[in-house]
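So this block is data_15.cif, mmCIF, C-alpha atoms and all ligand atoms:
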data_coords
#
loop_
_atom_site.label_atom_id
_atom_site.label_comp_id
_atom_site.auth_asym_id
_atom_site.auth_seq_id
_atom_site.Cartn_x
_atom_site.Cartn_y
_atom_site.Cartn_z
CA MET A 942 0.00 0.00 0.00
CA THR A 943 1.36 3.46 -0.83
CA THR A 944 0.65 6.40 1.44
CA LYS A 945 1.40 10.09 1.04
CA THR A 946 3.47 10.26 4.23
CA GLU A 947 6.22 7.90 5.18
CA ARG A 948 4.98 5.66 7.97
CA ALA A 949 7.23 4.97 10.95
CA LYS A 950 8.41 1.38 11.46
CA TRP A 951 8.74 -0.51 14.72
CA GLY A 952 10.25 -3.71 16.02
CA ALA A 953 12.18 -6.05 13.74
CA ALA A 954 10.98 -4.18 10.64
CA ALA A 955 12.78 -1.04 11.81
CA HIS A 956 16.09 -2.79 12.43
CA LYS A 957 16.33 -5.85 10.22
CA ASP A 958 18.28 -4.15 7.42
CA GLU A 959 20.81 -2.45 9.65
CA VAL A 960 24.38 -3.27 8.78
CA GLY A 961 27.75 -2.19 10.04
CA LYS A 962 30.95 -3.42 11.59
CA LEU A 963 29.43 -3.86 15.03
CA PRO A 964 26.94 -6.54 16.12
CA THR A 965 23.26 -6.05 15.33
CA PRO A 966 20.53 -7.74 17.37
CA PHE A 967 19.01 -9.53 14.37
CA PRO A 968 18.94 -12.43 13.88
CA ARG A 969 18.10 -12.71 17.57
CA ALA A 970 19.59 -15.32 19.84
CA ILE A 971 16.63 -17.42 21.00
CA GLY A 972 16.66 -19.56 24.16
CA PRO A 973 17.35 -23.24 23.35
CA ASN A 974 14.01 -24.44 24.74
CA ALA A 975 11.86 -22.28 22.46
CA GLU A 976 11.23 -25.06 19.97
CA ARG A 977 10.20 -27.49 22.70
CA TYR A 978 7.77 -24.99 24.24
CA LEU A 979 6.29 -24.11 20.84
CA ARG A 980 5.81 -27.80 20.11
CA GLU A 981 4.06 -28.21 23.47
CA VAL A 982 1.58 -25.50 22.52
CA ILE A 983 0.73 -27.35 19.32
CA GLU A 984 0.86 -30.91 20.65
CA SER A 985 -1.36 -30.04 23.63
CA GLY A 986 -4.00 -28.81 21.21
CA LEU A 987 -3.55 -25.30 22.74
CA LEU A 988 -4.33 -26.61 26.21
CA CYS A 989 -0.95 -26.21 27.89
CA ASP A 990 -1.57 -22.60 29.08
CA MET A 991 1.83 -21.34 28.01
CA MET A 992 0.76 -17.78 28.81
CA GLY A 993 0.03 -18.77 32.43
CA ARG A 994 3.36 -20.58 32.66
CA PHE A 995 5.21 -17.53 31.43
CA GLU A 996 3.36 -15.28 33.88
CA THR A 997 4.31 -17.54 36.80
CA ALA A 998 7.93 -17.83 35.69
CA PHE A 999 8.39 -14.09 35.07
CA ALA A 1000 6.77 -13.12 38.37
CA LYS A 1001 9.04 -15.57 40.20
CA GLU A 1002 12.19 -14.35 38.47
CA LEU A 1003 11.32 -10.72 39.21
CA GLY A 1004 10.18 -11.49 42.76
CA VAL A 1005 6.65 -10.05 42.41
CA LYS A 1006 3.24 -11.52 43.20
CA HIS A 1007 1.52 -10.91 39.88
CA CYS A 1008 2.44 -10.85 36.21
CA VAL A 1009 -0.31 -10.19 33.66
CA ALA A 1010 0.92 -11.05 30.16
CA THR A 1011 -0.16 -8.90 27.22
CA PRO A 1012 0.69 -8.61 23.53
CA GLY A 1013 3.12 -5.73 24.26
CA CYS A 1014 3.99 -2.99 26.70
CA THR A 1015 1.70 -0.47 25.01
CA PRO A 1016 -1.27 -2.72 25.92
CA ALA A 1017 0.23 -3.46 29.36
CA LEU A 1018 0.41 0.24 30.24
CA ALA A 1019 -3.01 0.80 28.62
CA THR A 1020 -4.36 -1.95 30.85
CA LEU A 1021 -2.89 -0.28 33.92
CA ALA A 1022 -4.42 3.04 32.87
CA ALA A 1023 -7.80 1.39 32.35
CA ALA A 1024 -7.57 -0.31 35.75
CA MET A 1025 -7.09 2.99 37.58
CA PRO A 1026 -9.90 4.80 39.38
CA TRP A 1027 -8.94 8.15 37.85
CA GLU A 1028 -11.27 10.53 36.01
CA PRO A 1029 -10.87 12.01 32.52
CA GLY A 1030 -8.74 15.13 32.76
CA ASP A 1031 -6.67 13.72 35.64
CA GLU A 1032 -2.94 14.13 35.14
CA VAL A 1033 -0.05 11.71 35.10
CA ILE A 1034 3.49 13.08 35.23
CA VAL A 1035 5.61 11.21 32.69
CA SER A 1036 9.28 11.12 31.66
CA PRO A 1037 9.75 13.31 28.58
CA ILE A 1038 12.21 11.12 26.67
CA THR A 1039 10.30 8.01 25.79
CA ASP A 1040 8.27 6.02 23.31
CA TYR A 1041 4.65 6.64 22.35
CA GLY A 1042 3.74 3.31 24.00
CA THR A 1043 4.30 4.94 27.39
CA VAL A 1044 1.38 7.33 26.94
CA GLN A 1045 -1.02 5.60 24.53
CA GLY A 1046 -3.16 4.18 27.37
CA LEU A 1047 -3.30 7.53 29.15
CA ILE A 1048 -4.51 9.20 25.97
CA THR A 1049 -7.22 6.62 25.25
CA GLN A 1050 -8.51 6.87 28.84
CA ASN A 1051 -8.60 10.68 28.46
CA PHE A 1052 -6.02 11.16 31.18
CA ILE A 1053 -3.54 13.94 30.55
CA PRO A 1054 0.17 13.24 30.23
CA VAL A 1055 2.27 16.04 31.73
CA PHE A 1056 5.96 15.84 30.88
CA ALA A 1057 8.51 16.67 33.54
CA ASP A 1058 11.94 17.74 32.37
CA THR A 1059 15.01 15.55 32.63
CA ALA A 1060 17.67 16.17 35.24
CA PRO A 1061 20.43 18.24 33.56
CA GLY A 1062 22.87 16.12 31.57
CA THR A 1063 20.89 12.90 31.85
CA ILE A 1064 18.16 11.05 30.00
CA ASN A 1065 15.75 10.48 32.92
CA PHE A 1066 13.63 12.86 34.99
CA CYS A 1067 14.02 13.28 38.75
CA ALA A 1068 12.09 14.32 41.88
CA GLU A 1069 13.23 17.94 41.52
CA THR A 1070 11.85 18.28 37.97
CA ILE A 1071 8.63 16.45 38.85
CA GLU A 1072 7.69 18.36 42.01
CA PRO A 1073 6.80 21.77 40.44
CA LEU A 1074 4.31 20.05 38.11
CA ILE A 1075 2.19 18.48 40.85
CA THR A 1076 -1.32 19.99 41.00
CA SER A 1077 -4.63 18.97 42.58
CA ARG A 1078 -5.28 16.99 39.36
CA THR A 1079 -2.11 14.91 39.52
CA ARG A 1080 -2.80 11.25 40.23
CA ALA A 1081 0.42 9.44 39.35
CA ILE A 1082 4.04 9.49 38.26
CA LEU A 1083 5.11 7.18 35.44
CA ALA A 1084 8.89 6.70 35.39
CA VAL A 1085 10.53 5.45 32.19
CA HIS A 1086 13.93 3.85 32.68
CA LYS A 1087 15.24 5.14 29.37
CA THR A 1088 17.82 2.99 27.54
CA GLY A 1089 17.73 0.70 30.60
CA LEU A 1090 19.19 3.22 33.04
CA VAL A 1091 17.04 3.20 36.15
CA ASN A 1092 15.63 6.43 37.53
CA ASP A 1093 16.63 7.58 40.99
CA MET A 1094 13.46 6.08 42.45
CA ASP A 1095 13.85 6.65 46.22
CA PRO A 1096 13.37 10.45 46.04
CA ILE A 1097 10.57 10.00 43.46
CA ASN A 1098 8.73 7.55 45.72
CA ALA A 1099 9.24 9.82 48.74
CA LEU A 1100 7.82 12.79 46.81
CA ALA A 1101 4.84 10.71 45.69
CA ARG A 1102 4.15 9.56 49.25
CA ARG A 1103 4.05 13.18 50.42
CA HIS A 1104 1.43 13.99 47.77
CA GLY A 1105 -0.52 10.70 47.85
CA LEU A 1106 0.40 9.79 44.25
CA PHE A 1107 0.61 6.39 42.61
CA VAL A 1108 4.04 5.61 41.08
CA TYR A 1109 4.63 3.09 38.32
CA GLU A 1110 7.44 2.21 35.95
CA ASP A 1111 7.84 1.79 32.22
CA ALA A 1112 10.54 -0.87 32.39
CA CYS A 1113 10.43 -1.71 28.66
CA GLN A 1114 14.06 -0.83 28.09
CA ALA A 1115 15.29 -1.97 31.51
CA VAL A 1116 14.64 -5.69 31.75
CA PHE A 1117 16.53 -6.87 34.87
CA SER A 1118 18.36 -3.57 35.30
CA GLU A 1119 18.88 -2.87 38.99
CA TYR A 1120 18.62 0.12 41.29
CA LYS A 1121 20.54 -0.22 44.56
CA GLY A 1122 20.22 -4.00 44.25
CA ARG A 1123 16.47 -3.92 43.51
CA VAL A 1124 15.31 -4.96 40.09
CA ALA A 1125 13.49 -2.60 37.68
CA GLY A 1126 9.77 -3.30 37.75
CA THR A 1127 9.77 -3.73 41.55
CA LEU A 1128 10.71 -0.14 42.38
CA ALA A 1129 7.16 1.23 42.62
CA SER A 1130 3.55 -0.04 42.70
CA ALA A 1131 3.38 -1.54 39.21
CA ALA A 1132 5.37 -1.73 35.97
CA GLY A 1133 5.08 -2.51 32.28
CA PHE A 1134 7.55 -4.57 30.23
CA SER A 1135 8.04 -5.10 26.52
CA PHE A 1136 9.24 -8.30 24.86
CA ASP A 1137 8.98 -6.86 21.38
CA SER A 1138 11.45 -8.42 18.94
CA GLU A 1139 14.01 -5.62 19.22
CA LYS A 1140 13.86 -5.40 23.00
CA THR A 1141 16.40 -6.83 25.44
CA MET A 1142 14.31 -9.97 26.06
CA GLY A 1143 12.99 -10.08 22.51
CA SER A 1144 10.24 -12.42 21.42
CA ASP A 1145 8.13 -11.87 18.29
CA VAL A 1146 6.02 -9.34 20.23
CA GLY A 1147 4.82 -9.42 23.84
CA GLY A 1148 4.77 -7.62 27.11
CA CYS A 1149 3.36 -7.75 30.59
CA LEU A 1150 2.51 -5.74 33.65
CA VAL A 1151 3.64 -6.68 37.13
CA THR A 1152 2.47 -5.68 40.60
CA ASN A 1153 2.33 -6.87 44.19
CA ASP A 1154 -1.13 -5.35 44.58
CA ASP A 1155 -3.73 -8.16 44.55
CA GLU A 1156 -6.66 -5.88 43.75
CA LEU A 1157 -4.87 -4.04 40.97
CA ALA A 1158 -3.81 -7.35 39.41
CA GLU A 1159 -7.40 -8.58 39.56
CA ARG A 1160 -8.73 -5.40 37.92
CA ALA A 1161 -5.98 -5.52 35.29
CA ARG A 1162 -6.85 -9.10 34.36
CA PHE A 1163 -10.52 -8.22 34.11
CA VAL A 1164 -10.26 -5.00 32.13
CA GLY A 1165 -7.06 -5.86 30.28
CA GLN A 1166 -6.88 -9.54 29.50
CA SER A 1167 -10.58 -10.33 29.45
CA ARG A 1168 -13.41 -8.69 27.60
CA GLY A 1169 -14.81 -7.48 30.90
CA GLY A 1170 -17.55 -10.10 30.72
CA VAL A 1171 -19.35 -11.68 33.69
CA MET A 1172 -21.97 -14.41 33.51
CA ARG A 1173 -25.54 -13.44 34.34
CA ALA A 1174 -27.90 -16.33 35.10
CA HIS A 1175 -30.46 -17.04 32.35
CA PHE A 1176 -28.81 -14.47 30.09
CA GLY A 1177 -25.12 -15.17 29.46
CA ARG A 1178 -22.20 -12.77 29.07
CA GLU A 1179 -22.70 -9.26 30.34
CA HIS A 1180 -19.95 -6.70 29.85
CA ALA A 1181 -19.51 -5.06 33.21
CA VAL A 1182 -16.45 -3.07 32.09
CA ALA A 1183 -15.10 -2.14 28.66
CA GLY A 1184 -12.50 -4.91 28.51
CA TYR A 1185 -9.63 -4.85 26.04
CA ALA A 1186 -9.03 -8.60 25.45
CA TYR A 1187 -5.26 -8.07 25.46
CA ARG A 1188 -3.76 -11.52 26.01
CA MET A 1189 -0.27 -12.66 25.19
CA PRO A 1190 -0.55 -15.37 22.51
CA HIS A 1191 0.61 -18.81 23.72
CA CYS A 1192 3.22 -19.09 20.94
CA THR A 1193 4.67 -15.73 21.99
CA ALA A 1194 4.65 -16.95 25.60
CA ALA A 1195 6.60 -20.05 24.52
CA ILE A 1196 9.37 -17.87 23.07
CA CYS A 1197 9.26 -15.49 26.06
CA LEU A 1198 9.64 -18.43 28.45
CA ALA A 1199 12.69 -19.66 26.54
CA GLN A 1200 14.14 -16.12 26.48
CA LEU A 1201 13.60 -15.76 30.21
CA GLU A 1202 15.86 -18.79 30.77
CA ILE A 1203 18.82 -17.04 29.16
CA ILE A 1204 18.15 -13.40 30.00
CA ARG A 1205 20.02 -13.11 33.31
CA ASP A 1206 23.32 -14.20 31.75
CA GLN A 1207 22.72 -11.92 28.77
CA VAL A 1208 21.97 -8.96 31.04
CA ALA A 1209 25.12 -9.57 33.12
CA HIS A 1210 27.10 -9.63 29.88
CA ARG A 1211 25.43 -6.47 28.51
CA ASP A 1212 26.18 -4.71 31.78
CA ARG A 1213 29.89 -5.63 31.55
CA MET A 1214 30.11 -4.62 27.90
CA VAL A 1215 28.30 -1.29 28.24
CA ARG A 1216 30.50 -0.27 31.17
CA LEU A 1217 33.62 -1.23 29.23
CA LEU A 1218 32.45 0.65 26.12
CA SER A 1219 31.45 3.73 28.15
CA LYS A 1220 34.82 3.80 29.91
CA LYS A 1221 36.72 3.62 26.64
CA LEU A 1222 34.61 6.24 24.87
CA ALA A 1223 34.83 8.64 27.81
CA GLU A 1224 38.56 8.94 27.05
CA ILE A 1225 37.85 10.59 23.67
CA PRO A 1226 37.79 14.40 24.06
CA GLY A 1227 34.35 15.85 23.22
CA ILE A 1228 32.53 12.53 23.74
CA THR A 1229 30.36 11.87 26.80
CA PRO A 1230 28.73 8.45 27.00
CA LEU A 1231 25.45 8.33 28.90
CA PRO A 1232 26.47 8.66 32.56
CA ILE A 1233 25.81 5.50 34.62
CA PRO A 1234 24.96 6.58 38.17
CA ASP A 1235 26.31 4.56 41.12
CA TYR A 1236 22.77 3.53 42.09
CA ALA A 1237 22.38 1.77 38.70
CA ASN A 1238 24.24 -1.32 39.82
CA VAL A 1239 23.00 -3.38 36.84
CA TYR A 1240 22.52 -1.64 33.48
CA SER A 1241 20.84 -3.97 31.00
CA CYS A 1242 21.38 -1.35 28.26
CA TRP A 1243 18.89 -1.72 25.44
CA MET A 1244 20.20 1.24 23.51
CA PHE A 1245 23.65 2.77 23.58
CA GLY A 1246 24.12 6.52 23.34
CA LEU A 1247 26.60 9.31 23.77
CA ASN A 1248 26.57 13.09 23.67
CA ILE A 1249 28.97 15.07 21.55
CA GLU A 1250 30.28 18.44 22.65
CA PRO A 1251 29.21 20.65 19.71
CA LYS A 1252 32.03 23.17 20.20
CA ALA A 1253 34.61 20.41 19.94
CA PHE A 1254 33.66 19.54 16.35
CA ARG A 1255 33.21 21.35 13.05
CA CYS A 1256 30.26 19.18 12.02
CA SER A 1257 26.72 19.06 13.42
CA PRO A 1258 25.65 16.19 15.70
CA GLU A 1259 23.52 14.90 12.82
CA GLU A 1260 26.52 14.79 10.48
CA PHE A 1261 28.60 13.19 13.22
CA ALA A 1262 26.00 10.44 13.58
CA ALA A 1263 25.81 9.98 9.79
CA GLN A 1264 29.59 9.58 9.65
CA LEU A 1265 29.43 7.01 12.45
CA ALA A 1266 26.81 5.07 10.48
CA ALA A 1267 28.95 5.25 7.32
CA ALA A 1268 31.99 4.07 9.30
CA GLY A 1269 30.13 0.98 10.53
CA VAL A 1270 28.02 1.83 13.60
CA PRO A 1271 24.66 0.23 12.79
CA GLY A 1272 21.73 2.62 12.84
CA ALA A 1273 23.66 5.58 14.29
CA GLY A 1274 21.44 8.65 14.35
CA LEU A 1275 19.93 11.35 16.50
CA GLY A 1276 17.24 10.41 18.97
CA GLU A 1277 15.37 13.74 18.94
CA TYR A 1278 12.06 12.09 18.11
CA TYR A 1279 12.09 10.56 21.58
CA LEU A 1280 11.22 14.00 22.98
CA MET A 1281 7.58 13.05 23.53
CA PRO A 1282 6.19 16.54 24.25
CA ALA A 1283 7.48 17.59 20.81
CA ALA A 1284 6.40 14.38 19.05
CA LEU A 1285 2.79 14.26 20.28
CA THR A 1286 1.31 16.56 17.68
CA CYS A 1287 -2.04 14.78 18.12
CA LEU A 1288 -2.25 16.11 21.70
CA ARG A 1289 -0.93 19.54 20.77
CA ASP A 1290 -3.85 20.00 18.39
CA LYS A 1291 -6.38 18.93 21.04
CA SER A 1292 -4.88 20.93 23.87
CA SER A 1293 -4.52 24.14 21.85
CA ALA A 1294 -8.13 23.84 20.68
CA LYS A 1295 -9.02 23.07 24.32
CA THR A 1296 -11.20 20.15 23.31
CA TYR A 1297 -12.02 17.24 25.62
CA PRO A 1298 -10.36 16.21 27.96
CA TYR A 1299 -8.60 19.60 28.04
CA SER A 1300 -11.96 21.35 28.32
CA ALA A 1301 -14.01 19.49 30.86
CA PRO A 1302 -13.53 19.44 33.74
CA PRO A 1303 -11.47 22.66 33.45
CA ALA A 1304 -7.82 21.80 33.07
CA SER A 1305 -5.41 22.71 35.84
CA ARG A 1306 -2.97 24.43 33.46
CA GLU A 1307 -2.15 25.30 29.83
CA TYR A 1308 -0.82 22.30 27.93
CA ARG A 1309 1.40 23.10 24.96
CA TYR A 1310 3.18 19.86 24.05
CA ALA A 1311 6.22 21.62 22.69
CA GLY A 1312 9.86 20.64 22.89
CA ASP A 1313 10.78 23.64 25.03
CA ASP A 1314 8.35 22.47 27.73
CA CYS A 1315 11.34 20.37 28.74
CA PRO A 1316 14.43 22.47 27.92
CA ASN A 1317 16.96 20.14 29.56
CA ALA A 1318 15.65 17.17 27.61
CA GLN A 1319 15.55 19.19 24.40
CA GLU A 1320 19.15 20.37 24.77
CA PHE A 1321 20.31 16.90 25.77
CA LEU A 1322 18.74 15.25 22.73
CA LYS A 1323 20.17 17.82 20.29
CA THR A 1324 23.63 16.34 20.83
CA PHE A 1325 22.63 12.79 21.76
CA VAL A 1326 23.78 10.25 19.22
CA ARG A 1327 22.35 6.80 19.72
CA TRP A 1328 23.35 3.77 17.83
CA SER A 1329 20.41 1.62 17.12
CA THR A 1330 20.08 -1.04 19.76
CA PHE A 1331 22.84 -2.48 21.90
CA CYS A 1332 22.91 -6.26 22.16
CA GLU A 1333 24.35 -9.20 23.97
CA LYS A 1334 26.56 -10.09 21.00
CA TYR A 1335 29.11 -7.39 21.98
CA GLN A 1336 32.51 -8.68 23.05
CA PRO A 1337 35.51 -6.64 24.30
CA GLU A 1338 36.91 -6.51 20.74
CA HIS A 1339 33.67 -4.86 19.56
CA CYS A 1340 34.07 -2.23 22.29
CA ASP A 1341 37.62 -1.61 20.99
CA LEU A 1342 36.39 -1.36 17.41
CA ALA A 1343 33.52 0.98 18.39
CA THR A 1344 35.99 3.20 20.26
CA GLN A 1345 38.31 3.26 17.26
CA ILE A 1346 35.44 4.27 14.92
CA VAL A 1347 34.23 7.05 17.22
CA ALA A 1348 37.80 8.32 17.74
CA GLU A 1349 38.41 8.41 13.98
CA VAL A 1350 35.19 10.32 13.28
CA ALA A 1351 35.95 12.67 16.17
CA ASP A 1352 39.51 13.37 15.00
CA ARG A 1353 38.36 13.91 11.41
CA ASN A 1354 35.91 16.61 12.54
CA ARG A 1355 37.75 18.27 15.39
CA ALA A 1356 37.30 22.06 15.55
C1 LIG A 1401 10.00 3.04 26.82
C2 LIG A 1401 9.01 2.25 26.00
N1 LIG A 1401 7.72 2.19 26.41
C3 LIG A 1401 6.80 1.49 25.70
C4 LIG A 1401 7.13 0.84 24.55
C5 LIG A 1401 6.08 0.07 23.80
O1 LIG A 1401 6.31 -1.32 23.89
P1 LIG A 1401 5.63 -2.34 22.88
O2 LIG A 1401 6.28 -2.18 21.56
O3 LIG A 1401 5.88 -3.69 23.48
O4 LIG A 1401 4.18 -2.03 22.85
C6 LIG A 1401 8.44 0.87 24.08
C7 LIG A 1401 8.81 0.20 22.81
O5 LIG A 1401 9.59 0.70 22.02
C8 LIG A 1401 9.41 1.60 24.82
O6 LIG A 1401 10.68 1.65 24.42
#

Exercise: express the given structure as structure tokens:
Amino acid sequence: MTTKTERAKWGAAAHKDEVGKLPTPFPRAIGPNAERYLREVIESGLLCDMMGRFETAFAKELGVKHCVATPGCTPALATLAAAMPWEPGDEVIVSPITDYGTVQGLITQNFIPVFADTAPGTINFCAETIEPLITSRTRAILAVHKTGLVNDMDPINALARRHGLFVYEDACQAVFSEYKGRVAGTLASAAGFSFDSEKTMGSDVGGCLVTNDDELAERARFVGQSRGGVMRAHFGREHAVAGYAYRMPHCTAAICLAQLEIIRDQVAHRDRMVRLLSKKLAEIPGITPLPIPDYANVYSCWMFGLNIEPKAFRCSPEEFAAQLAAAGVPGAGLGEYYLMPAALTCLRDKSSAKTYPYSAPPASREYRYAGDDCPNAQEFLKTFVRWSTFCEKYQPEHCDLATQIVAEVADRNRA
């Protein structure tokens, strides 16, 4: 089908043609038991409840009471939004550098995403940038652990407690990352994960939400996984809530289960490689790899990125990234589109026209959805060069090669 505008691609489709001198995630390494689990799904005549087995296994590995498996993280976070007792026009404070999947559920429930700025020089927000945005309409804080780097959650949770706010995590990019020895997804009241093909624990698609809250898990299963139907005597199915019917397919669950068996080793390896690569790149003048705070004691790094010091080079960050790509860094480019307040033109139109839910009940503020709503994040992304996805295939020699490529491009363009 041809369309007038170029449509964005996601998942494997966005990355499958990437080439370079460094490892690319595709073809993915798949856990050795995947074939056996897939066969079980078929040989059981679809009766082996692979989705339930994955939910139990993931919850156990993460150390949480409940895992509700969905076809992706977008539906997982949409399920959480739908399970909340909030009203249209209520606000959720969200990290500004993220993917659309973080906010899709908020938008469809007519909740209002409010973007807090990042902490200067980093990719995540913090308690200090969140606090000034809290109003009487704020209900929650949704923390995205961007690239897999965990947010500084203790001050965020303390702030939320003072204001009676719900805190949850978008842990899509941070599978088994750790914060002060606690694993991402267990750092607040609930979390969403993605097992999309390009993600750290990549299946064909897939995702889940996790929580220790029995009631929330029950509501999430009802409104998210089921069609919100209950049985009424002498009638049949009655739809008590507008359920989504978002269930993880059993074949996807079979692959996820096999991936779960190898993920911890892969994450430990990614963590070693990203620290090695960051250390080496930090020695190149004008190059600042994403800082890894001390509290991030495991960094499962889904995406690698670095900032370039514009004054140090004659070329623009965009040209620098293009030269990295030409020199063999797969998918090197700028990540400016991750600035969600600038990318959500659909909300900008609604909020400037003050149509529902920006109209009724009266909004607590003016919403602009512009990049300069979050000046730190905007400045940060202008010089942030990311190279496609990072992956477990990196070895020390790849870190050496990557350093050599970046050093060559840097020297070629030095001011
Ligand atoms: C931070 C973040 N949140 C949400 C999503 C959406 O996840 P999914 O593709 O599984 O729906 C993504 C995927 O790119 C993501 O990176």

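Note that CA of Val1009 in chain A and atom O5 of ligand LIG 1401 (chain A) are 18.8 Å apart.
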
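Nearest-residue note for ligand LIG 1401 (chain A): choosing from A:Leu979, A:Cys1149, A:Ile971, A:Met992, the minimum distance belongs to A:Cys1149, counting all atoms listed in the file.
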
Chain A residues near ligand LIG 1401 (chain A) within 9 Å, closest pair each, using all atoms listed in the file, as a tab-separated table:
residue	atom	partner	partner_atom	distance
A:Trp951	CA	A:LIG1401	O5	7.4
A:Gly952	CA	A:LIG1401	O2	7.0
A:Thr1011	CA	A:LIG1401	O3	8.8
A:Pro1012	CA	A:LIG1401	O3	7.2
A:Gly1013	CA	A:LIG1401	O3	3.5
A:Cys1014	CA	A:LIG1401	O3	3.8
A:Thr1015	CA	A:LIG1401	O4	3.6
A:Pro1016	CA	A:LIG1401	O4	6.3
A:Ala1017	CA	A:LIG1401	O4	7.7
A:Leu1018	CA	A:LIG1401	C3	7.9
A:Ile1038	CA	A:LIG1401	C1	8.4
A:Thr1039	CA	A:LIG1401	C1	5.1
A:Asp1040	CA	A:LIG1401	C2	4.7
A:Tyr1041	CA	A:LIG1401	C3	6.5
A:Gly1042	CA	A:LIG1401	C3	3.9
A:Thr1043	CA	A:LIG1401	N1	4.5
A:Val1044	CA	A:LIG1401	C3	8.1
A:Gln1045	CA	A:LIG1401	C3	8.9
A:Val1085	CA	A:LIG1401	C1	5.9
A:His1086	CA	A:LIG1401	C1	7.1
A:Lys1087	CA	A:LIG1401	C1	6.2
A:Thr1088	CA	A:LIG1401	C1	7.9
A:Gly1089	CA	A:LIG1401	C1	8.9
A:Asp1111	CA	A:LIG1401	N1	5.8
A:Ala1112	CA	A:LIG1401	C1	6.8
A:Cys1113	CA	A:LIG1401	C2	5.0
A:Gln1114	CA	A:LIG1401	O6	5.6
A:Ala1115	CA	A:LIG1401	C1	8.7
A:Gly1133	CA	A:LIG1401	C3	7.9
A:Phe1134	CA	A:LIG1401	O3	7.0
A:Ser1135	CA	A:LIG1401	O3	4.0
A:Phe1136	CA	A:LIG1401	O3	5.9
A:Asp1137	CA	A:LIG1401	O3	4.9
A:Ser1138	CA	A:LIG1401	O2	8.5
A:Glu1139	CA	A:LIG1401	O5	8.2
A:Lys1140	CA	A:LIG1401	O5	7.5
A:Val1146	CA	A:LIG1401	O3	6.5
A:Gly1147	CA	A:LIG1401	O3	5.8
A:Gly1148	CA	A:LIG1401	O3	5.5
A:Cys1149	CA	A:LIG1401	O3	8.6
A:Trp1243	CA	A:LIG1401	O6	8.9

Original post:
At most 12 Å from (36.8, 13.1, 20.8), file frame, all atoms listed in the file: which residues, as number ranges by chain?
Top reply: A: 1221-1230, 1247-1255, 1261, 1344-1356

Would you save the residues of that selection, restricted to C-alpha atoms, as a PDB file, in the coordinates of the input?
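Below you can see selection12.pdb, which holds the result:
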ATOM      1  CA  LYS A1221      36.720   3.620  26.640  1.00  0.00           C
ATOM      2  CA  LEU A1222      34.610   6.240  24.870  1.00  0.00           C
ATOM      3  CA  ALA A1223      34.830   8.640  27.810  1.00  0.00           C
ATOM      4  CA  GLU A1224      38.560   8.940  27.050  1.00  0.00           C
ATOM      5  CA  ILE A1225      37.850  10.590  23.670  1.00  0.00           C
ATOM      6  CA  PRO A1226      37.790  14.400  24.060  1.00  0.00           C
ATOM      7  CA  GLY A1227      34.350  15.850  23.220  1.00  0.00           C
ATOM      8  CA  ILE A1228      32.530  12.530  23.740  1.00  0.00           C
ATOM      9  CA  THR A1229      30.360  11.870  26.800  1.00  0.00           C
ATOM     10  CA  PRO A1230      28.730   8.450  27.000  1.00  0.00           C
ATOM     11  CA  LEU A1247      26.600   9.310  23.770  1.00  0.00           C
ATOM     12  CA  ASN A1248      26.570  13.090  23.670  1.00  0.00           C
ATOM     13  CA  ILE A1249      28.970  15.070  21.550  1.00  0.00           C
ATOM     14  CA  GLU A1250      30.280  18.440  22.650  1.00  0.00           C
ATOM     15  CA  PRO A1251      29.210  20.650  19.710  1.00  0.00           C
ATOM     16  CA  LYS A1252      32.030  23.170  20.200  1.00  0.00           C
ATOM     17  CA  ALA A1253      34.610  20.410  19.940  1.00  0.00           C
ATOM     18  CA  PHE A1254      33.660  19.540  16.350  1.00  0.00           C
ATOM     19  CA  ARG A1255      33.210  21.350  13.050  1.00  0.00           C
ATOM     20  CA  PHE A1261      28.600  13.190  13.220  1.00  0.00           C
ATOM     21  CA  THR A1344      35.990   3.200  20.260  1.00  0.00           C
ATOM     22  CA  GLN A1345      38.310   3.260  17.260  1.00  0.00           C
ATOM     23  CA  ILE A1346      35.440   4.270  14.920  1.00  0.00           C
ATOM     24  CA  VAL A1347      34.230   7.050  17.220  1.00  0.00           C
ATOM     25  CA  ALA A1348      37.800   8.320  17.740  1.00  0.00           C
ATOM     26  CA  GLU A1349      38.410   8.410  13.980  1.00  0.00           C
ATOM     27  CA  VAL A1350      35.190  10.320  13.280  1.00  0.00           C
ATOM     28  CA  ALA A1351      35.950  12.670  16.170  1.00  0.00           C
ATOM     29  CA  ASP A1352      39.510  13.370  15.000  1.00  0.00           C
ATOM     30  CA  ARG A1353      38.360  13.910  11.410  1.00  0.00           C
ATOM     31  CA  ASN A1354      35.910  16.610  12.540  1.00  0.00           C
ATOM     32  CA  ARG A1355      37.750  18.270  15.390  1.00  0.00           C
ATOM     33  CA  ALA A1356      37.300  22.060  15.550  1.00  0.00           C
TER      34      ALA A1356
END

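Closest approach to Gln1336 in chain A among A:Ala1263, A:Ala1199, A:Val982, A:Leu963 is made by A:Leu963 (distances from only C-alpha atoms).
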
**OP:** Extract, using all atoms listed in the file, all DNA, RNA and protein residues at most 6 Å from Gly1169 in chain A, discarding same-chain residues fewer than 5 positions from it, and format them as JSON, numbers by chain.
**Re:** {"A": [1163, 1164, 1180, 1181, 1182, 1183, 1184]}

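Each of A:Cys1192, A:Ala1019, A:Leu1217, A:Arg1162 was compared to Ile983 in chain A using all atoms listed in the file, and A:Cys1192 turns out to be the nearest.
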
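You can rank A:Leu1201, A:Ser1036, A:Ala1268, A:Arg1188 by their closest distance to Thr997 in chain A using only C-alpha atoms, and at the top of that list sits A:Leu1201.
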